[in-house]
>>> print(open('final_29.tsv').read())   # TSV, C-alpha atoms
chain	number	residue	atom	x	y	z
A	1	MET	CA	134.87	53.06	17.47
A	2	GLU	CA	132.80	51.10	19.95
A	3	ARG	CA	134.72	48.66	22.09
A	4	PRO	CA	133.31	46.26	24.67
A	5	SER	CA	134.77	46.86	28.09
A	6	ARG	CA	134.33	45.73	31.66
A	7	LEU	CA	135.21	49.16	32.94
A	8	PRO	CA	132.39	51.42	34.09
A	9	VAL	CA	131.36	53.97	31.50
A	10	ARG	CA	130.94	57.55	32.64
A	11	MET	CA	128.03	59.21	30.95
A	12	GLY	CA	125.10	61.42	31.59
A	13	SER	CA	122.01	60.22	33.41
A	14	ALA	CA	120.15	59.57	30.14
A	15	GLY	CA	122.99	57.46	28.75
A	16	ALA	CA	123.31	55.55	32.01
A	17	TRP	CA	119.56	54.85	31.99
A	18	VAL	CA	119.78	53.49	28.46
A	19	THR	CA	122.67	51.23	29.44
A	20	ARG	CA	120.85	49.84	32.46
A	21	SER	CA	117.47	49.53	30.78
A	22	ALA	CA	118.34	48.28	27.29
A	23	ALA	CA	118.23	44.56	28.07
A	24	PRO	CA	115.01	44.54	30.12
A	25	LEU	CA	113.31	46.94	27.69
A	26	VAL	CA	114.17	44.88	24.61
A	27	GLY	CA	113.22	41.74	26.50
A	28	PHE	CA	109.84	43.20	27.46
A	29	ILE	CA	109.11	44.21	23.87
A	30	ALA	CA	110.10	40.74	22.63
A	31	GLY	CA	107.83	39.12	25.18
A	32	VAL	CA	104.89	41.31	24.16
A	33	ILE	CA	105.45	40.50	20.48
A	34	ALA	CA	105.62	36.78	21.26
A	35	PHE	CA	102.53	36.78	23.48
A	36	ALA	CA	100.31	38.85	21.17
A	37	GLY	CA	97.49	36.67	19.90
A	38	SER	CA	98.73	33.59	21.75
A	39	GLY	CA	95.24	32.68	22.90
A	40	ILE	CA	93.82	32.46	19.37
A	41	PRO	CA	95.26	29.22	17.89
A	42	SER	CA	94.06	25.99	19.49
A	43	PHE	CA	96.62	23.61	20.95
A	44	TRP	CA	98.29	21.43	18.36
A	45	GLY	CA	99.43	17.84	18.98
A	46	ASP	CA	102.66	18.38	20.91
A	47	GLU	CA	101.12	21.16	22.99
A	48	ALA	CA	98.19	18.91	23.86
A	49	ALA	CA	100.73	16.29	24.98
A	50	SER	CA	102.32	18.90	27.24
A	51	VAL	CA	99.00	19.80	28.84
A	52	LEU	CA	97.79	16.21	29.23
A	53	SER	CA	101.09	15.21	30.84
A	54	ALA	CA	101.15	18.23	33.13
A	55	GLU	CA	97.58	17.57	34.30
A	56	ARG	CA	98.62	14.24	35.81
A	57	SER	CA	99.42	13.92	39.48
A	58	VAL	CA	103.13	14.07	40.25
A	59	PRO	CA	103.41	10.30	40.96
A	60	SER	CA	101.56	9.54	37.72
A	61	LEU	CA	103.73	12.00	35.77
A	62	LEU	CA	106.93	10.48	37.15
A	63	ALA	CA	105.70	7.02	36.18
A	64	LEU	CA	105.00	8.30	32.66
A	65	LEU	CA	108.48	9.80	32.39
A	66	GLY	CA	109.94	6.42	33.21
A	67	HIS	CA	108.58	5.18	29.90
A	68	ILE	CA	108.42	8.19	27.54
A	69	ASP	CA	109.21	11.91	27.36
A	70	ALA	CA	111.84	11.88	30.12
A	71	VAL	CA	113.73	14.53	28.16
A	72	HIS	CA	110.74	16.86	28.62
A	73	GLY	CA	110.22	15.95	32.25
A	74	LEU	CA	111.54	19.13	33.80
A	75	TYR	CA	109.25	21.25	31.63
A	76	TYR	CA	106.25	19.01	32.38
A	77	LEU	CA	106.89	19.33	36.12
A	78	PHE	CA	107.05	23.10	35.79
A	79	LEU	CA	103.87	23.13	33.71
A	80	HIS	CA	102.14	20.93	36.29
A	81	GLY	CA	102.61	23.64	38.91
A	82	TRP	CA	101.80	26.45	36.49
A	83	ILE	CA	98.46	25.14	35.27
A	84	GLY	CA	97.53	24.41	38.86
A	85	LEU	CA	97.69	28.17	39.38
A	86	VAL	CA	96.32	29.59	36.13
A	87	GLY	CA	94.34	26.85	34.40
A	88	THR	CA	94.67	25.35	30.95
A	89	SER	CA	93.51	28.04	28.53
A	90	GLU	CA	95.76	28.50	25.49
A	91	ALA	CA	96.94	31.97	26.51
A	92	ALA	CA	97.64	30.95	30.10
A	93	VAL	CA	99.61	27.84	29.20
A	94	ARG	CA	101.62	29.64	26.52
A	95	PHE	CA	102.43	32.70	28.63
A	96	PRO	CA	105.61	31.16	30.18
A	97	SER	CA	107.02	30.62	26.69
A	98	ALA	CA	106.56	34.34	25.94
A	99	VAL	CA	108.37	35.13	29.20
A	100	ALA	CA	111.18	32.80	28.12
A	101	VAL	CA	111.43	34.68	24.81
A	102	ALA	CA	111.71	37.93	26.78
A	103	LEU	CA	114.56	36.44	28.83
A	104	ALA	CA	116.27	35.19	25.68
A	105	ALA	CA	116.08	38.62	24.03
A	106	ALA	CA	117.42	40.32	27.15
A	107	GLY	CA	120.24	37.80	27.31
A	108	THR	CA	121.07	38.42	23.67
A	109	VAL	CA	121.38	42.14	24.39
A	110	VAL	CA	123.75	41.42	27.27
A	111	LEU	CA	125.81	38.92	25.28
A	112	GLY	CA	126.10	41.17	22.24
A	113	THR	CA	127.09	44.10	24.45
A	114	ARG	CA	129.83	42.14	26.17
A	115	LEU	CA	131.23	40.73	22.95
A	116	ALA	CA	130.82	43.64	20.52
A	117	GLY	CA	129.44	46.74	22.23
A	118	ARG	CA	126.09	48.15	23.36
A	119	ALA	CA	124.75	49.14	19.93
A	120	THR	CA	125.37	45.65	18.53
A	121	GLY	CA	123.83	44.05	21.60
A	122	VAL	CA	120.64	46.09	21.43
A	123	LEU	CA	120.32	45.48	17.70
A	124	ALA	CA	120.83	41.73	18.21
A	125	GLY	CA	118.10	41.63	20.85
A	126	CYS	CA	115.72	43.43	18.51
A	127	VAL	CA	116.51	41.01	15.68
A	128	LEU	CA	115.86	38.04	17.95
A	129	ALA	CA	112.48	39.48	18.93
A	130	VAL	CA	111.24	39.30	15.34
A	131	LEU	CA	112.89	36.10	14.08
A	132	PRO	CA	110.06	33.85	12.83
A	133	ILE	CA	111.30	30.85	14.81
A	134	VAL	CA	111.26	32.93	17.99
A	135	THR	CA	107.80	34.41	17.51
A	136	ARG	CA	106.55	30.88	16.79
A	137	LEU	CA	108.07	29.31	19.88
A	138	GLY	CA	106.83	32.19	22.01
A	139	ILE	CA	103.26	30.97	21.50
A	140	GLU	CA	103.97	27.27	21.88
A	141	ALA	CA	103.44	25.25	25.05
A	142	ARG	CA	106.70	23.36	24.72
A	143	SER	CA	110.12	23.75	26.27
A	144	TYR	CA	112.02	25.16	23.28
A	145	ALA	CA	111.70	28.86	24.19
A	146	PHE	CA	113.06	27.92	27.63
A	147	THR	CA	116.05	26.16	26.07
A	148	MET	CA	116.80	29.27	24.00
A	149	ALA	CA	116.77	31.45	27.13
A	150	ALA	CA	118.88	28.95	29.07
A	151	ALA	CA	121.41	28.74	26.22
A	152	VAL	CA	122.03	32.46	25.86
A	153	TRP	CA	122.30	33.10	29.60
A	154	LEU	CA	124.69	30.17	30.01
A	155	VAL	CA	126.87	31.68	27.28
A	156	VAL	CA	126.68	35.09	28.99
A	157	TRP	CA	127.75	33.45	32.26
A	158	PHE	CA	130.59	31.60	30.58
A	159	VAL	CA	131.86	34.73	28.85
A	160	THR	CA	131.88	36.45	32.25
A	161	LEU	CA	133.90	33.62	33.83
A	162	VAL	CA	136.43	33.64	31.00
A	163	ARG	CA	136.83	37.42	30.84
A	164	ARG	CA	137.40	37.59	34.57
A	165	ARG	CA	139.76	34.63	34.41
A	166	GLU	CA	137.72	33.29	37.27
A	167	ALA	CA	139.87	31.20	39.61
A	168	ARG	CA	137.36	30.33	42.33
A	169	TRP	CA	136.32	26.70	42.06
A	170	TRP	CA	132.90	27.33	43.58
A	171	ALA	CA	132.07	29.70	40.71
A	172	TRP	CA	132.86	26.98	38.18
A	173	ALA	CA	130.95	24.41	40.26
A	174	ALA	CA	127.88	26.66	40.17
A	175	PHE	CA	128.21	26.98	36.40
A	176	ALA	CA	128.53	23.20	36.07
A	177	ALA	CA	125.39	22.69	38.15
A	178	ALA	CA	123.41	25.17	36.04
A	179	SER	CA	124.67	23.52	32.85
A	180	ALA	CA	123.57	20.13	34.14
A	181	VAL	CA	120.09	21.45	34.95
A	182	SER	CA	119.86	22.80	31.40
A	183	LEU	CA	120.46	19.29	30.05
A	184	TYR	CA	117.47	18.04	32.03
A	185	LEU	CA	115.55	20.77	30.21
A	186	PHE	CA	116.85	19.72	26.78
A	187	LEU	CA	119.69	17.32	26.02
A	188	TYR	CA	120.83	19.12	22.89
A	189	LEU	CA	122.16	21.95	25.07
A	190	ALA	CA	125.22	19.71	25.53
A	191	LEU	CA	126.25	21.12	22.13
A	192	LEU	CA	126.94	24.45	23.85
A	193	ALA	CA	130.33	22.93	24.65
A	194	VAL	CA	131.50	23.92	21.14
A	195	VAL	CA	130.31	27.48	21.77
A	196	GLN	CA	132.29	27.53	25.00
A	197	LEU	CA	135.36	26.39	23.07
A	198	ALA	CA	134.84	29.32	20.70
A	199	VAL	CA	134.62	31.72	23.66
A	200	LEU	CA	137.87	30.32	25.06
A	201	ALA	CA	139.58	30.74	21.69
A	202	ALA	CA	138.18	34.23	21.10
A	203	HIS	CA	139.46	35.44	24.48
A	204	ARG	CA	142.74	33.50	24.29
A	205	ALA	CA	141.96	32.01	27.66
A	206	PRO	CA	144.96	30.99	29.77
A	207	ARG	CA	145.67	27.36	30.58
A	208	ALA	CA	144.27	27.66	34.11
A	209	THR	CA	140.88	28.81	32.78
A	210	VAL	CA	140.79	26.01	30.21
A	211	LEU	CA	141.51	23.43	32.92
A	212	ARG	CA	138.72	24.79	35.09
A	213	TRP	CA	136.36	24.63	32.13
A	214	LEU	CA	137.33	21.00	31.49
A	215	ALA	CA	136.69	20.15	35.14
A	216	ALA	CA	133.31	21.93	35.01
A	217	SER	CA	132.43	20.02	31.83
A	218	VAL	CA	133.20	16.69	33.50
A	219	ALA	CA	131.10	17.70	36.51
A	220	THR	CA	128.24	18.67	34.19
A	221	ALA	CA	128.37	15.27	32.49
A	222	VAL	CA	128.36	13.45	35.83
A	223	LEU	CA	125.41	15.45	37.17
A	224	ALA	CA	123.47	15.00	33.93
A	225	ALA	CA	124.31	11.30	33.54
A	226	PRO	CA	120.82	10.09	34.58
A	227	ILE	CA	118.98	12.07	31.91
A	228	ILE	CA	121.63	11.19	29.32
A	229	VAL	CA	121.18	7.49	30.03
A	230	ILE	CA	117.36	7.67	30.12
A	231	GLY	CA	117.25	9.81	26.99
A	232	ALA	CA	119.40	7.30	25.11
A	233	ALA	CA	117.16	4.46	26.31
A	234	GLN	CA	114.06	6.28	25.04
A	235	ARG	CA	115.54	7.31	21.69
A	236	GLU	CA	113.03	5.16	19.80
A	237	GLN	CA	110.48	7.79	20.79
A	238	ILE	CA	111.78	10.02	17.98
A	239	ALA	CA	112.28	7.23	15.44
A	240	PHE	CA	109.35	8.73	13.53
A	241	LEU	CA	111.68	11.54	12.40
A	242	ALA	CA	113.20	9.13	9.90
A	243	ARG	CA	109.88	9.08	8.06
A	244	ARG	CA	109.27	12.83	8.11
A	245	ASP	CA	112.12	13.92	5.82
A	246	TYR	CA	112.76	17.03	7.91
A	247	ALA	CA	116.47	17.26	7.10
A	248	THR	CA	116.18	19.07	3.77
A	249	VAL	CA	117.99	22.12	2.44
A	250	ASP	CA	114.79	24.14	2.71
A	251	SER	CA	114.37	23.14	6.37
A	252	VAL	CA	117.95	23.90	7.36
A	253	VAL	CA	118.52	27.07	5.36
A	254	VAL	CA	115.07	28.67	5.43
A	255	ARG	CA	112.42	27.27	7.74
A	256	GLN	CA	114.72	26.48	10.67
A	257	TRP	CA	115.08	30.19	11.40
A	258	PHE	CA	113.10	32.27	8.95
A	259	GLY	CA	109.68	30.70	8.57
A	260	SER	CA	108.32	30.07	5.09
A	261	SER	CA	109.76	33.15	3.37
A	262	PRO	CA	112.86	32.50	1.22
A	263	TRP	CA	113.31	36.26	0.82
A	264	VAL	CA	113.72	36.74	4.56
A	265	ALA	CA	116.24	33.89	4.51
A	266	VAL	CA	118.19	35.42	1.61
A	267	ALA	CA	118.35	38.79	3.36
A	268	ALA	CA	119.42	37.25	6.67
A	269	TRP	CA	122.08	34.99	5.18
A	270	SER	CA	123.42	37.92	3.16
A	271	LEU	CA	123.79	39.92	6.37
A	272	ILE	CA	125.51	36.98	8.05
A	273	VAL	CA	128.05	36.87	5.20
A	274	VAL	CA	128.55	40.64	5.53
A	275	ALA	CA	129.08	40.15	9.27
A	276	ILE	CA	131.89	37.65	8.75
A	277	VAL	CA	133.58	39.69	5.99
A	278	ALA	CA	133.31	42.99	7.84
A	279	ALA	CA	134.57	41.53	11.12
A	280	LEU	CA	137.56	40.01	9.35
A	281	PHE	CA	138.59	42.85	7.07
A	282	LEU	CA	137.28	46.19	8.35
A	283	ARG	CA	139.30	47.93	11.02
A	284	ARG	CA	136.30	49.68	12.55
A	285	MET	CA	134.58	46.29	12.93
A	286	ARG	CA	137.43	44.67	14.83
A	287	PRO	CA	135.52	44.85	18.15
A	288	ALA	CA	132.96	42.50	16.59
A	289	ARG	CA	135.44	39.76	15.72
A	290	ARG	CA	134.93	37.85	18.93
A	291	ALA	CA	131.18	38.05	18.54
A	292	ALA	CA	131.41	36.89	14.93
A	293	LEU	CA	133.57	33.92	15.90
A	294	VAL	CA	131.31	32.86	18.77
A	295	GLY	CA	128.15	33.43	16.74
A	296	GLY	CA	129.51	31.63	13.69
A	297	VAL	CA	130.49	28.53	15.65
A	298	TRP	CA	127.19	28.59	17.55
A	299	LEU	CA	125.22	28.80	14.31
A	300	VAL	CA	127.08	26.22	12.24
A	301	VAL	CA	128.53	23.49	14.45
A	302	PRO	CA	125.45	22.31	16.42
A	303	THR	CA	123.45	22.13	13.19
A	304	ALA	CA	126.25	20.20	11.48
A	305	VAL	CA	126.57	17.76	14.39
A	306	VAL	CA	122.82	17.10	14.51
A	307	LEU	CA	122.61	16.61	10.74
A	308	ALA	CA	125.59	14.23	10.77
A	309	ALA	CA	124.06	12.19	13.58
A	310	ASN	CA	120.73	12.20	11.74
A	311	ALA	CA	122.38	10.86	8.57
A	312	TRP	CA	124.71	8.26	10.03
A	313	LEU	CA	123.54	7.29	13.53
A	314	THR	CA	119.89	7.79	14.47
A	315	PRO	CA	117.07	10.24	13.67
A	316	THR	CA	117.91	13.45	15.53
A	317	TYR	CA	116.80	16.40	13.40
A	318	ASN	CA	113.74	18.57	13.87
A	319	LEU	CA	113.55	22.28	13.05
A	320	ARG	CA	112.71	23.21	16.63
A	321	TYR	CA	115.52	21.17	18.18
A	322	LEU	CA	118.09	23.79	17.16
A	323	SER	CA	116.10	26.80	18.34
A	324	PHE	CA	118.71	27.35	21.07
A	325	CYS	CA	121.00	28.64	18.29
A	326	ALA	CA	118.62	31.52	17.42
A	327	PRO	CA	120.61	34.05	19.52
A	328	ALA	CA	123.61	33.33	17.29
A	329	VAL	CA	121.55	34.12	14.20
A	330	ALA	CA	120.40	37.40	15.76
A	331	LEU	CA	123.93	38.32	16.81
A	332	LEU	CA	125.36	37.72	13.33
A	333	VAL	CA	122.54	39.58	11.59
A	334	ALA	CA	123.12	42.53	13.93
A	335	ILE	CA	126.84	42.52	13.15
A	336	GLY	CA	125.96	42.36	9.46
A	337	LEU	CA	123.71	45.42	9.73
A	338	ARG	CA	126.46	47.34	11.47
A	339	GLY	CA	128.93	46.03	8.91
A	340	LEU	CA	126.84	47.50	6.10
A	341	GLY	CA	127.15	50.89	7.75
A	342	ALA	CA	130.89	50.43	8.14
A	343	LEU	CA	131.26	49.37	4.50
A	344	ALA	CA	129.26	52.39	3.36
A	345	ALA	CA	131.42	54.70	5.47
A	346	SER	CA	134.61	53.14	4.12
A	347	ALA	CA	133.42	53.48	0.53
A	348	ALA	CA	132.35	57.12	0.86
A	349	PRO	CA	134.76	59.56	-0.85
A	350	VAL	CA	136.79	61.52	1.67
A	351	ALA	CA	135.71	64.83	0.17
A	352	SER	CA	132.05	63.98	0.69
A	353	ARG	CA	132.39	63.31	4.41
A	354	PRO	CA	131.06	66.00	6.76
A	355	GLY	CA	133.55	68.70	7.60
A	356	ALA	CA	136.03	67.71	4.88
A	357	VAL	CA	137.29	69.84	1.98
A	358	GLY	CA	139.67	68.27	-0.51
A	359	GLY	CA	140.37	65.41	1.90
A	360	ARG	CA	141.09	67.75	4.83
A	361	ARG	CA	138.81	68.87	7.61
A	362	ALA	CA	137.36	72.31	6.93
A	363	VAL	CA	138.54	75.13	9.17
A	364	PRO	CA	135.60	77.03	10.70
>>> encode(input="final_29.tsv", output="structure tokens")
Amino acid sequence: MERPSRLPVRMGSAGAWVTRSAAPLVGFIAGVIAFAGSGIPSFWGDEAASVLSAERSVPSLLALLGHIDAVHGLYYLFLHGWIGLVGTSEAAVRFPSAVAVALAAAGTVVLGTRLAGRATGVLAGCVLAVLPIVTRLGIEARSYAFTMAAAVWLVVWFVTLVRRREARWWAWAAFAAASAVSLYLFLYLALLAVVQLAVLAAHRAPRATVLRWLAASVATAVLAAPIIVIGAAQREQIAFLARRDYATVDSVVVRQWFGSSPWVAVAAWSLIVVAIVAALFLRRMRPARRAALVGGVWLVVPTAVVLAANAWLTPTYNLRYLSFCAPAVALLVAIGLRGLGALAASAAPVASRPGAVGGRRAVP
């Protein structure tokens, strides 16, 4: 049985190389998949807005952000410097998004490994690399691939703090600062607070850790207050969402993660159900319970919150806005694939298992 552990694992040189290289290797492959053919499609409307904004001088860009698109300001500032170096061809402008996909896949490997073991982590990273929403955002000159990478690495960082029962205040202050920066990248990353609650519950965090997390959350809110206020003031910018009818069952269940294929969606959701059932009821899948809890909350709650706000408060839903939850989808699908193997092994007759005769191991 594979169990996640913080203790060093003694293994041969080949096994050690695999352990060290799994995350960067999977990340590299994901980045290559995302970048392939990225120079072929022309910029679409939102990408053109990114490029036109980034081409402005910094004073002009800051003046623009005072009126619209403040929530994308950090990405525009980055893109301003980037296109100054490489130009504005489609492939060049989209390349950072492919790099962000690579970082997200690597982070998914690390997160899955820490929560459920190396095999689950590697499988989750591979699943993320081929999710339709991920391959789409990897060739899009917008900030959503960056938010996905930021989300998974923030969760990795938080899991590390909780598992270590980190007591140093400066470590929590650094996490709060990074979390605040992520909100300047995309405000919806504030919903990672529910994922952090799931991590605390899954690890049965002591009271001292919970208090430090609460303090870090308050610090994050204070540091991010300017973008929260400006974003709320500019909310009319996305009022058009009310006329687009994005919040449909097809959007949420299929296209949000799985592109236009309902069959891919059916297969993926079936594996997610298997993941939950196997983690709850199969003994050999017990190491995956924490991962299933964290992934389940990460998948369901942000989507539910955004849909509720969209229905009762103000237009808030777009398929791409929840792309930061894609690592949760990949993690649950990976657990489901491993759960299928565990279910098959549990269902196999004892006599048919290797080395067994009449329910007992054969004597050589």
>>> closest_atom_pairs(input="final_29.tsv", of="range 19-74 of chain A", to="range 128-135 of chain A", cutoff="9 Å", atoms="all atoms listed in the file", output="Markdown table")
| residue | atom | partner | partner_atom | distance |
| --- | --- | --- | --- | --- |
| A:Val26 | CA | A:Ala129 | CA | 8.0 |
| A:Gly27 | CA | A:Ala129 | CA | 7.9 |
| A:Ile29 | CA | A:Ala129 | CA | 7.6 |
| A:Ala30 | CA | A:Ala129 | CA | 4.6 |
| A:Gly31 | CA | A:Ala129 | CA | 7.8 |
| A:Ile33 | CA | A:Thr135 | CA | 7.2 |
| A:Ala34 | CA | A:Thr135 | CA | 4.9 |
| A:Phe35 | CA | A:Thr135 | CA | 8.3 |
>>> closest_residue(input="final_29.tsv", among="A:Ile230, A:Val155, A:Leu293, A:Ala105", to="Leu280 in chain A", atoms="only C-alpha atoms")
A:Leu293
>>> closest_residue(input="final_29.tsv", among="A:Arg289, A:Arg163, A:His72, A:Arg320", to="Ile227 in chain A", atoms="all atoms listed in the file")
A:His72
>>> atom_distance(input="final_29.tsv", atom1="CA of Ala328 in chain A", atom2="CA of Gly295 in chain A")
4.6 Å
>>> atom_distance(input="final_29.tsv", atom1="CA of Ala173 in chain A", atom2="CA of Ala198 in chain A")
20.5 Å
>>> atom_distance(input="final_29.tsv", atom1="CA of Arg204 in chain A", atom2="CA of Ala106 in chain A")
26.4 Å
>>> closest_residue(input="final_29.tsv", among="A:Ala202, A:Ile68, A:Val58, A:Ala23", to="Ala233 in chain A", atoms="only C-alpha atoms")
A:Ile68
>>> closest_residue(input="final_29.tsv", among="A:Leu161, A:Leu192, A:Ala63, A:Val254", to="Val210 in chain A", atoms="all atoms listed in the file")
A:Leu161
>>> closest_residue(input="final_29.tsv", among="A:Phe28, A:Phe324, A:Phe158, A:Tyr184", to="Ala225 in chain A", atoms="only C-alpha atoms")
A:Tyr184
>>> residues_around(input="final_29.tsv", residues="Val122 in chain A", least_positions_apart="2", cutoff="12 Å", atoms="all atoms listed in the file", output="PyMOL selection string")
chain A and resi 18-27+29-30+105-120+124-129+330-331+333-335+338
>>> residues_around(input="final_29.tsv", residues="Trp172 in chain A", least_positions_apart="5", cutoff="10 Å", atoms="only C-alpha atoms", output="ChimeraX atom specification")
/A:158,161,166-167,177-178,209,212-213,215-217,219
>>> closest_atom_pairs(input="final_29.tsv", of="range 130-222 of chain A", to="range 37-47 of chain A", cutoff="9 Å", atoms="all atoms listed in the file", output="Markdown table")
| residue | atom | partner | partner_atom | distance |
| --- | --- | --- | --- | --- |
| A:Gly138 | CA | A:Ser38 | CA | 8.2 |
| A:Ile139 | CA | A:Ser38 | CA | 5.2 |
| A:Glu140 | CA | A:Glu47 | CA | 6.8 |
| A:Ala141 | CA | A:Glu47 | CA | 5.1 |
| A:Arg142 | CA | A:Glu47 | CA | 6.2 |
>>> write_last_selection(input="final_29.tsv", atoms="C-alpha atoms", output="tab-separated table (two decimals), in the coordinates of the input")
chain	number	residue	atom	x	y	z
A	138	GLY	CA	106.83	32.19	22.01
A	139	ILE	CA	103.26	30.97	21.50
A	140	GLU	CA	103.97	27.27	21.88
A	141	ALA	CA	103.44	25.25	25.05
A	142	ARG	CA	106.70	23.36	24.72
>>> closest_residue(input="final_29.tsv", among="A:Trp269, A:Tyr321, A:Phe175, A:Phe281", to="Gln256 in chain A", atoms="only C-alpha atoms")
A:Tyr321
>>> residues_around(input="final_29.tsv", residues="Val274 in chain A", least_positions_apart="3", cutoff="9 Å", atoms="all atoms listed in the file", output="short mmCIF file (atom, residue, chain, number, x, y, z; two decimals) with C-alpha atoms, in the frame of the given file")
data_model
loop_
_atom_site.label_atom_id
_atom_site.label_comp_id
_atom_site.auth_asym_id
_atom_site.auth_seq_id
_atom_site.Cartn_x
_atom_site.Cartn_y
_atom_site.Cartn_z
CA TRP A 269 122.08 34.99 5.18
CA SER A 270 123.42 37.92 3.16
CA LEU A 271 123.79 39.92 6.37
CA VAL A 277 133.58 39.69 5.99
CA ALA A 278 133.31 42.99 7.84
CA ALA A 279 134.57 41.53 11.12
CA LEU A 332 125.36 37.72 13.33
CA VAL A 333 122.54 39.58 11.59
CA ILE A 335 126.84 42.52 13.15
CA GLY A 336 125.96 42.36 9.46
CA LEU A 337 123.71 45.42 9.73
CA GLY A 339 128.93 46.03 8.91
CA LEU A 340 126.84 47.50 6.10
#
